[in-house]
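Shown next, in structure tokens, is the structure this report addresses.
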Amino acid sequence: MVEEIHDEYDLPAVAEVSRDLFSTEADNLKDVKVVHTDDKSELIIPFDVDTFLMNNNFHYVPLDTLTRQLTSLSDEMMLVLLERVGENYDSYLDFCKVFQGGSDNDTAFELQKLVPDLNSFTTSLKNLTEKDMPRTQETVQDTIDYLEKLEEIQDLLGNHLMLSEDIITLKKLSKSLHSLCDTDPLEEELCVELTSRLFNLFTNIQTLLDSLTSIDSPFLHHLRNEFQGTTQEFQISLKLLTDRCLQHTDQYTQLSILLASIYKELKK
């Protein structure tokens, strides 16, 4: 049944949108004219769009589909045209002379009118590259340097605050350890804990002070003096604890091991 209907009614065949289709159409065109006026040239082509669409059954194709196909073909032709122009530029210039509308003087005049704009653009570009950009780069670099200096100052202030708090803690722990040295017998566990914390804090403060040697300030001098006095007290406590451990070699084993490791670190 379907075959009978197909034989009785021939379905319209839609032409393929391709270069060959338009090449054939261009070959059939006649009486193409170039009309020159005072200010422009126009190319008059006797091409009837409706006839073209009807002859190729494009009226059966949705408009969106036909538009996409024509756009794709147009993009393809532009690429081909650019390649052909690049391969033979002299021939392209000869071809363009047909549409110049008279003499070369018209083209030269149009180009001459562009010279002031071109000179203005060149001047602006020169000012941008030689003056504005270096000035901007200098401003950016100054801002970066300023921010880096602020960050450095912030770090220094943080170190000063940390140093002050650590020295206060060091003094409290040192006095507590020094008072434990007079007890008999020694509270070994407490002595080990205090001595270990004091030595770690002492090492951290010493490292922080070494990083600030380039800074000469009254406040930092005061902190160094406080640290020096507490260091002497801590050294006295270490000596007292060492004497007690030597007197009772079997009684304070953990404390003896800790003191030995501390003296080993101090000798480095």
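By convention here, the chains of the structure tokens are called A, B, ... in the order presented, each chain's residues are numbered starting at 1, and ligands are numbered starting at 1 in the order presented.
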(request) Mind checking which residues fall within 9 Å of region 198-204 of chain A, counting only C-alpha atoms, ignoring those fewer than 3 positions away in the same chain, and posting them as number ranges by chain? (result) A: 166-167, 169-170, 173-174, 177, 193-195, 207-209, 227, 231, 234, 262
Could you save those same residues with all heavy atoms as a tab-separated table (two decimals), in the first residue's frame?
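result-v3.tsv written:
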```
chain	number	residue	atom	x	y	z
A	166	ASP	N	55.95	35.02	77.12
A	166	ASP	CA	56.77	33.83	77.40
A	166	ASP	C	57.75	34.09	78.55
A	166	ASP	O	58.00	33.20	79.39
A	166	ASP	CB	57.55	33.42	76.15
A	166	ASP	CG	56.66	32.77	75.10
A	166	ASP	OD1	55.51	32.43	75.44
A	166	ASP	OD2	57.11	32.60	73.95
A	167	ILE	N	58.32	35.29	78.62
A	167	ILE	CA	59.27	35.61	79.70
A	167	ILE	C	58.55	35.66	81.04
A	167	ILE	O	59.09	35.20	82.08
A	167	ILE	CB	59.99	36.93	79.39
A	167	ILE	CG1	60.96	36.72	78.23
A	167	ILE	CG2	60.74	37.43	80.62
A	167	ILE	CD1	61.72	37.97	77.82
A	169	THR	N	55.91	33.89	81.83
A	169	THR	CA	55.68	32.47	82.18
A	169	THR	C	56.98	31.81	82.63
A	169	THR	O	56.99	31.02	83.60
A	169	THR	CB	55.13	31.71	80.96
A	169	THR	OG1	53.93	32.35	80.52
A	169	THR	CG2	54.83	30.26	81.31
A	170	LEU	N	58.09	32.13	81.97
A	170	LEU	CA	59.39	31.56	82.33
A	170	LEU	C	59.77	31.94	83.76
A	170	LEU	O	60.27	31.09	84.53
A	170	LEU	CB	60.46	32.06	81.34
A	170	LEU	CG	61.87	31.50	81.53
A	170	LEU	CD1	61.92	30.03	81.11
A	170	LEU	CD2	62.88	32.31	80.72
A	173	LEU	N	57.60	29.88	86.30
A	173	LEU	CA	58.01	28.48	86.37
A	173	LEU	C	59.38	28.34	87.02
A	173	LEU	O	59.63	27.38	87.79
A	173	LEU	CB	58.05	27.88	84.95
A	173	LEU	CG	56.71	27.73	84.24
A	173	LEU	CD1	56.92	27.17	82.83
A	173	LEU	CD2	55.77	26.81	85.02
A	174	SER	N	60.28	29.29	86.75
A	174	SER	CA	61.62	29.22	87.33
A	174	SER	C	61.56	29.38	88.85
A	174	SER	O	62.27	28.67	89.58
A	174	SER	CB	62.49	30.32	86.73
A	174	SER	OG	63.80	30.28	87.28
A	177	LEU	N	60.29	26.11	90.33
A	177	LEU	CA	61.31	25.06	90.33
A	177	LEU	C	62.37	25.33	91.41
A	177	LEU	O	62.83	24.39	92.09
A	177	LEU	CB	61.97	24.97	88.95
A	177	LEU	CG	63.04	23.90	88.80
A	177	LEU	CD1	62.45	22.49	89.01
A	177	LEU	CD2	63.71	23.99	87.43
A	193	GLU	N	58.63	17.54	85.32
A	193	GLU	CA	57.70	18.28	84.47
A	193	GLU	C	58.08	19.75	84.37
A	193	GLU	O	58.12	20.33	83.27
A	193	GLU	CB	56.29	18.15	85.02
A	193	GLU	CG	55.25	18.86	84.17
A	193	GLU	CD	53.84	18.71	84.74
A	193	GLU	OE1	53.67	17.95	85.70
A	193	GLU	OE2	52.93	19.38	84.21
A	194	LEU	N	58.40	20.38	85.50
A	194	LEU	CA	58.75	21.80	85.51
A	194	LEU	C	60.06	22.05	84.76
A	194	LEU	O	60.18	23.00	83.97
A	194	LEU	CB	58.88	22.31	86.95
A	194	LEU	CG	57.59	22.77	87.63
A	194	LEU	CD1	57.87	23.17	89.06
A	194	LEU	CD2	56.98	23.93	86.87
A	195	THR	N	61.05	21.20	84.98
A	195	THR	CA	62.35	21.37	84.33
A	195	THR	C	62.23	21.22	82.82
A	195	THR	O	62.84	21.99	82.05
A	195	THR	CB	63.35	20.34	84.88
A	195	THR	OG1	63.44	20.48	86.30
A	195	THR	CG2	64.72	20.54	84.26
A	207	THR	N	65.65	31.52	70.79
A	207	THR	CA	65.55	31.56	69.33
A	207	THR	C	64.85	32.84	68.86
A	207	THR	O	65.26	33.47	67.88
A	207	THR	CB	64.76	30.34	68.82
A	207	THR	OG1	65.43	29.14	69.24
A	207	THR	CG2	64.65	30.35	67.30
A	208	LEU	N	63.80	33.23	69.59
A	208	LEU	CA	63.05	34.43	69.22
A	208	LEU	C	63.91	35.68	69.42
A	208	LEU	O	63.88	36.60	68.59
A	208	LEU	CB	61.78	34.51	70.07
A	208	LEU	CG	60.69	35.49	69.61
A	208	LEU	CD1	60.29	35.22	68.17
A	208	LEU	CD2	59.48	35.38	70.53
A	209	LEU	N	64.68	35.73	70.49
A	209	LEU	CA	65.56	36.87	70.73
A	209	LEU	C	66.65	36.96	69.66
A	209	LEU	O	67.02	38.06	69.23
A	209	LEU	CB	66.19	36.77	72.12
A	209	LEU	CG	65.28	37.11	73.30
A	209	LEU	CD1	65.97	36.79	74.62
A	209	LEU	CD2	64.88	38.59	73.26
A	227	PHE	N	65.13	38.20	80.70
A	227	PHE	CA	65.46	36.84	80.30
A	227	PHE	C	66.81	36.41	80.88
A	227	PHE	O	66.96	35.27	81.35
A	227	PHE	CB	65.49	36.74	78.77
A	227	PHE	CG	65.89	35.38	78.25
A	227	PHE	CD1	65.06	34.28	78.43
A	227	PHE	CD2	67.10	35.21	77.60
A	227	PHE	CE1	65.43	33.03	77.96
A	227	PHE	CE2	67.47	33.96	77.14
A	227	PHE	CZ	66.64	32.87	77.31
A	231	THR	N	67.37	33.33	83.34
A	231	THR	CA	68.27	32.27	82.89
A	231	THR	C	69.26	31.91	83.99
A	231	THR	O	69.54	30.72	84.23
A	231	THR	CB	69.03	32.74	81.63
A	231	THR	OG1	68.10	33.00	80.58
A	231	THR	CG2	70.00	31.67	81.17
A	234	PHE	N	67.50	29.85	86.56
A	234	PHE	CA	67.25	28.50	86.04
A	234	PHE	C	68.53	27.66	86.09
A	234	PHE	O	68.50	26.47	86.44
A	234	PHE	CB	66.73	28.60	84.60
A	234	PHE	CG	66.45	27.27	83.96
A	234	PHE	CD1	65.75	26.27	84.63
A	234	PHE	CD2	66.89	27.01	82.67
A	234	PHE	CE1	65.49	25.05	84.02
A	234	PHE	CE2	66.64	25.79	82.07
A	234	PHE	CZ	65.94	24.80	82.75
A	262	ILE	N	69.59	17.66	79.03
A	262	ILE	CA	69.63	19.13	78.96
A	262	ILE	C	71.07	19.63	78.83
A	262	ILE	O	71.38	20.50	78.01
A	262	ILE	CB	68.94	19.75	80.19
A	262	ILE	CG1	67.43	19.52	80.12
A	262	ILE	CG2	69.24	21.23	80.29
A	262	ILE	CD1	66.67	20.00	81.34
```
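Close contacts of Val192 (chain A), defined as residues with an atom at most 10 Å away when counting only C-alpha atoms, with chain neighbours fewer than 2 positions off set aside, comprise Leu177, Glu187, Glu188, Glu189, Leu190, Leu194, Thr195, Ser196, Arg197, Leu198, Tyr252, Gln254, Leu255, Ser256, Ile257, Leu258 and Leu259 of chain A.
Coordinates place CA of Thr230 (chain A) at a distance of 26.0 Å from CA of Gln247 (chain A).
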(request) Excluding Val17 (chain A) and residues on its chain fewer than 5 positions from it, collect all residues at most 9 Å away from it, counting only C-alpha atoms, and give them as number ranges by chain. (result) A: 22, 66, 69-70, 73
(message) Show me, as a count of residues only, the residues that have an atom within 12 Å of region 77-82 of chain A when counting only C-alpha atoms, minus same-chain residues fewer than 5 positions from it.
(response) 12
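Between CA of Asp117 (chain A) and CA of Ser91 (chain A) the separation is 29.6 Å.
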(message) Just the number, please: distance in Å from CA of His59 (chain A) to CA of Glu16 (chain A), one decimal.
(response) 13.0 Å
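The residue that comes closest to Gln251 (chain A), out of A:Met162, A:Leu186, A:Cys181, A:Ile168 and on the basis of only C-alpha atoms, is A:Leu186.
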(message) So that I can check the surroundings of Val61 (chain A), please list as a PyMOL selection string every protein, DNA and RNA residue that reaches within 12 Å of it, counting only C-alpha atoms and ignoring chain neighbours fewer than 6 positions away.
(response) chain A and resi 12-17+53-54+67-69
